[in-house]
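A.B. asks: The structure under discussion is supplied below as structure tokens; questions concerning it will follow.
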Amino acid sequence: MIKRLLGCVREYKLPSILTLIFIIGEVIIEVLIPFITADLVNSIKAGAEMSELLKTGLLLALMAVVSLTCGGVAAFTCAKASAGFAKNLRGDLFRKIQTYSFENIDKFSTASLVTRLTTDIGNVQMSYMMIIRTAIRSPLMFIFSIIMAYVMGGALATTFVVVVPVLITGLLLVSRKAMPAFRRVFKKYDRLNESIEENVRGMRVVKGFSRENYERERFGAASEDIAGDFTKAERIVALNTPIMQVCLYFNMVFVLTFGSYLIISGTGSNIDVGQLSAMLTYGMQILMSLMMLSMIYVILTMSAESFKRIYEVLGEEPTLTSPANGKTEVKDGSIDFDSVNFKYSKKAKRNALSDINIHIRSGMTVGIIGGTGSSKTSLVQLIPRLYDATEGSVKVGGVDVREYDLRTLRDSVSMVLQKNLLFSGTIKENLRWGNGEATDEELVEACKLAQAHDFVSSFPNGYDTFIEQGGTNVSGGQKQRLCIARALLKKPKILILDDSTSAVDTRTDALIRDGFKKFIPETTKIIIAQRIASVEEADMIIVLDKGEISAVGKHEELLKTSEIYREVYEQQTGGNDNE
């Protein structure tokens with residue numbers, strides 16, 4: 001996992017290495033400054049010449065400037081490396097999600113993927129920054145300070161043999177106690193983001209049912225839950241400070257008391273005022289290093305969950321991939337379902353589709369009728385290979401869809417969903433999702449065919465009208481017609497309308513179908529609809545019931561042979577054949 005994630009450092013290896021080099025330089029100088037300061041104090045006590053004191057003072061000033069420069073450069077390179085690492089990781093994560101099939105996406109909720117792309121990557125970025133800077137600086141400072149403390153204080157440095165283990169034990173216990181609370185937070189972040197996403201997407205429903213207070217309470221409860229876990233963890237982590245201060249003050253009291261005794265009594269010939277001041281400084285550096293290491297431990301342990309969550313997404317292999325040397329040409333729009341069974345996961349107890357056998361000639365118009373839950377959408381999703389059949393085969397143009405290059409197959413099949421999406425941008429930009437090279441004339445032609453040209457032309461800016469995120473500034477029917485026009489611009493061999501005229505009136509629906517018949521006769525058209533009027537002129541109508549084919553035929557034939565079809569027809573027309 002670590003190897004895979006660190007592979008995202010890529011072009012930011014140099015700033016990472018430079019950070020380590022400058023940190024080492026900063027630590028060495030910081031450790032030497034107390035050593036030289038001790039000599040300066042002893043020289044002043046011994047009555048040294050002013051020129052000698054000035055030289056030492058200038059040397060200390062120079063070392064301070066160099067140390068400050070090293071620290072500043074390290075901060076700059078560290079920020080560049082960590083931000084770049086996060087950028088690469090976020091890009092790799094986003095690109096990986098784009099390769100997912102619907103089956104892969106079903107394993108992760110949208111809110112969870114958003115959390116992983118934002119909060120989790122933020123945690124990982126912080127961890128990487130700590131690793132290449134503080135996690136190097138603190139151990140080096142600890143080791144060098146211990147060495148210099150023994151060089152300067154000799155036996156007096158044994159105080160650290162007592163203080164350091166106590167501090168390490170206390171900090172580890174605190175960190176370990178806080179970890180479970182930090183781990184719980186991330187799953188709760190998913191639920192919080194899910195609450196936000198649902199509220200924003202369903203704002204009209206929330207306001208329509210006056211449920212603002214309920215949504216505020218639901219969000220507040222989720223937020224309070226997260227705050228509670230963080231508060232509990234932070235209370236425990238806050239114990240780091242008093243533990244460190246106790247050890248620090250114990251060290252200071254011991255060094256001052258015992259060191260002063262040695263200096264005054266004269267029994268410690270190697271200990272002087274300068275060495276004593278240096279011992280105090282080194283003691284501070286040692287204990288602060290341990291304190292920082294404990295914080296690093298807390299952050300890294302907390303981020304370990306983020307590392308795992310990100311790796312889950314990066315490590316997830318797409319269940320649908322293009323075969324090697326896949327076919328790059330779709331001959332025509334013929335479709336064959338041969339003994340197809342399908343279920344959404346291997347754990348599912350029953351099939352979503354069972355024993356499906358359908359043969360559709362290229363250019364036919366096919367209607368699909370069925371109640372809610374009859375798997376109409378599941379059926380058509382197998383055609384562009386959004387899912388693979390569990391058993392049997394689906395063929396397009398006489399070739400099993402699993403033998404096609406995925407892009408070739410999906411470029412040949414256009415799907416328009418009931419709740420299709422428009423992206424923020426102009427109408428032109430949205431339409432050109434279907435064909436990036438489409439001319440303005442082709443855009444107009446597609447919109448005329450989809451009965452969208454008139455209302456687009458009525459806008460002050462016409463085709464340059466800006467569409468808000470999600471298409472909130474156009475009506476449901478207008479959005480559906482723009483989505484149909486976008487699909488037509490692909491010039492597909494198969495056009496699938498999944499209840500995508502439900503928001504338009506019957507007259508417009510009829511005009512759209514009439515346009516299909518006249519202008520794209522060679523395109524196979526599959527229309528899923530709730531209205532019998534939308535499919536009654538189709539060459540073939542398929543009646544689905546609980547994932548199985550109940551009946552197949554034309555309108556007049558099904559009125560005689562299919563009870564389900566006849567019942568739907570009579571409910572919609574009152575049994576009047578002339579309506």
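We label chains A, B, ... in the order they appear in the structure tokens, count residues from 1 in each chain, and number ligands from 1 in the order shown.
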List the neighbours of Ser414 in chain A out to 7 Å using only C-alpha atoms; skip same-chain residues closer than 2 positions along the sequence, and give me the result as a CSV table (one decimal) with N, CA and C atoms, in the first residue's frame.

C.D. replies:
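selection-v4.csv, freshly written:
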chain,number,residue,atom,x,y,z
A,412,SER,N,-21.2,3.7,-30.1
A,412,SER,CA,-22.2,3.3,-31.0
A,412,SER,C,-23.6,3.2,-30.4
A,416,VAL,N,-30.3,7.7,-23.2
A,416,VAL,CA,-30.9,8.9,-22.6
A,416,VAL,C,-31.8,8.5,-21.4
A,487,ALA,N,-27.6,13.0,-27.3
A,487,ALA,CA,-27.4,11.6,-27.7
A,487,ALA,C,-27.4,11.5,-29.2
A,492,PRO,N,-25.5,7.5,-33.2
A,492,PRO,CA,-25.3,6.1,-32.8
A,492,PRO,C,-26.0,5.1,-33.7
A,494,ILE,N,-27.4,2.6,-32.2
A,494,ILE,CA,-28.5,2.2,-31.3
A,494,ILE,C,-28.8,3.4,-30.4
A,495,LEU,N,-30.1,3.8,-30.3
A,495,LEU,CA,-30.5,4.8,-29.4
A,495,LEU,C,-31.5,4.3,-28.4
A,496,ILE,N,-31.1,4.5,-27.1
A,496,ILE,CA,-32.0,3.9,-26.0
A,496,ILE,C,-32.5,5.1,-25.2

A.B. asks: Run DSSP on the backbone and give me the residues of range 425-493 of chain A it puts in alpha helix (DSSP H), as an NGL selection string.

C.D. replies: :A and (427-431 or 440-449 or 453-458 or 476-488)

A.B. asks: Do you know which residues are at most 8 Å from range 341-352 of chain A counting only C-alpha atoms, after dropping those on the same chain fewer than 2 positions away, and could you put them as number ranges by chain?

C.D. replies: A: 103, 339, 354-356, 375, 378, 388-392, 546-547

A.B. asks: I need the chosen residues saved as an mmCIF file, in the first residue's frame, with C-alpha atoms.

C.D. replies:
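Result went into part_21.cif, see below:
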data_model
loop_
_atom_site.group_PDB
_atom_site.id
_atom_site.type_symbol
_atom_site.label_atom_id
_atom_site.label_comp_id
_atom_site.auth_asym_id
_atom_site.auth_seq_id
_atom_site.Cartn_x
_atom_site.Cartn_y
_atom_site.Cartn_z
ATOM 1 C CA GLU A 103 -20.593 -2.683 -10.412
ATOM 2 C CA SER A 339 -30.469 -17.057 -22.821
ATOM 3 C CA SER A 354 -33.996 -14.394 -16.152
ATOM 4 C CA ASP A 355 -34.035 -16.356 -19.419
ATOM 5 C CA ILE A 356 -34.049 -13.355 -21.752
ATOM 6 C CA SER A 375 -35.864 -4.625 -14.644
ATOM 7 C CA SER A 378 -31.320 -3.478 -16.172
ATOM 8 C CA ASP A 388 -22.037 -7.941 -18.036
ATOM 9 C CA ALA A 389 -24.594 -10.697 -18.312
ATOM 10 C CA THR A 390 -24.144 -13.294 -15.553
ATOM 11 C CA GLU A 391 -25.091 -16.084 -17.974
ATOM 12 C CA GLY A 392 -25.731 -16.150 -21.707
ATOM 13 C CA LYS A 546 -40.386 -9.349 -12.504
ATOM 14 C CA GLY A 547 -37.294 -9.608 -14.691
#

A.B. asks: Could you name the residues that touch Phe423 in chain A at 8 Å or less, counting only C-alpha atoms, but leaving out those on the same chain fewer than 5 positions away, as a list of chain:residue names?

C.D. replies: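 Near Phe423 in chain A, the qualifying residues are A:Asn430, A:Ile467, A:Glu468, A:Gln469, A:Gly470, A:Gly471.
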
A.B. asks: Would you mind reading off the distance between CA of Leu171 in chain A and CA of Tyr150 in chain A, one decimal, in Å?

C.D. replies: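 Distance reported for this atom pair: 24.3 Å.
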
A.B. asks: Just how far from CA of Ser127 in chain A is CA of Ala81 in chain A, in Å to one decimal?

C.D. replies: 11.9 Å

A.B. asks: Run DSSP on the backbone and grab whatever in range 181-395 of chain A lands in strand (DSSP E); send it over as a list of chain:residue names.

C.D. replies: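 Secondary structure check on range 181-395 of chain A, strand (DSSP E): A:Ile335, A:Asp336, A:Phe337, A:Asp338, A:Ser339, A:Val340, A:Asn341, A:Phe342, A:Leu353, A:Ser354, A:Asp355, A:Ile356, A:Asn357, A:Ile358, A:His359, A:Ile360, A:Thr365, A:Val366, A:Gly367, A:Ile368, A:Ile369, A:Gly370, A:Glu391, A:Gly392, A:Ser393, A:Val394, A:Lys395.
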
A.B. asks: Identify which of the residues A:Ala64, A:Ile427, A:Ile147, A:Val366 lies closest to Lys525 in chain A, counting only C-alpha atoms when measuring atom-to-atom distances.

C.D. replies: A:Val366

A.B. asks: What lies within 12 Å of Phe160 in chain A using only C-alpha atoms, ignoring chain neighbours under 3 positions off, as a ChimeraX atom specification?

C.D. replies: /A:142-143,145-147,149-150,153-157,163-168,247-248,250-252,254-255,279-280,282-287,290

A.B. asks: Please report the interatomic distance between CA of Asn88 in chain A and CA of Pro318 in chain A in Å with one decimal.

C.D. replies: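 Distance between the two atoms: 20.4 Å.
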
A.B. asks: Given the choices A:Val340, A:Ile24, A:Ala48, A:Val413, which gets closest to Pro139 in chain A if the distance is worked out from only C-alpha atoms?

C.D. replies: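 For Pro139 in chain A, the nearest of the given residues is A:Ile24.
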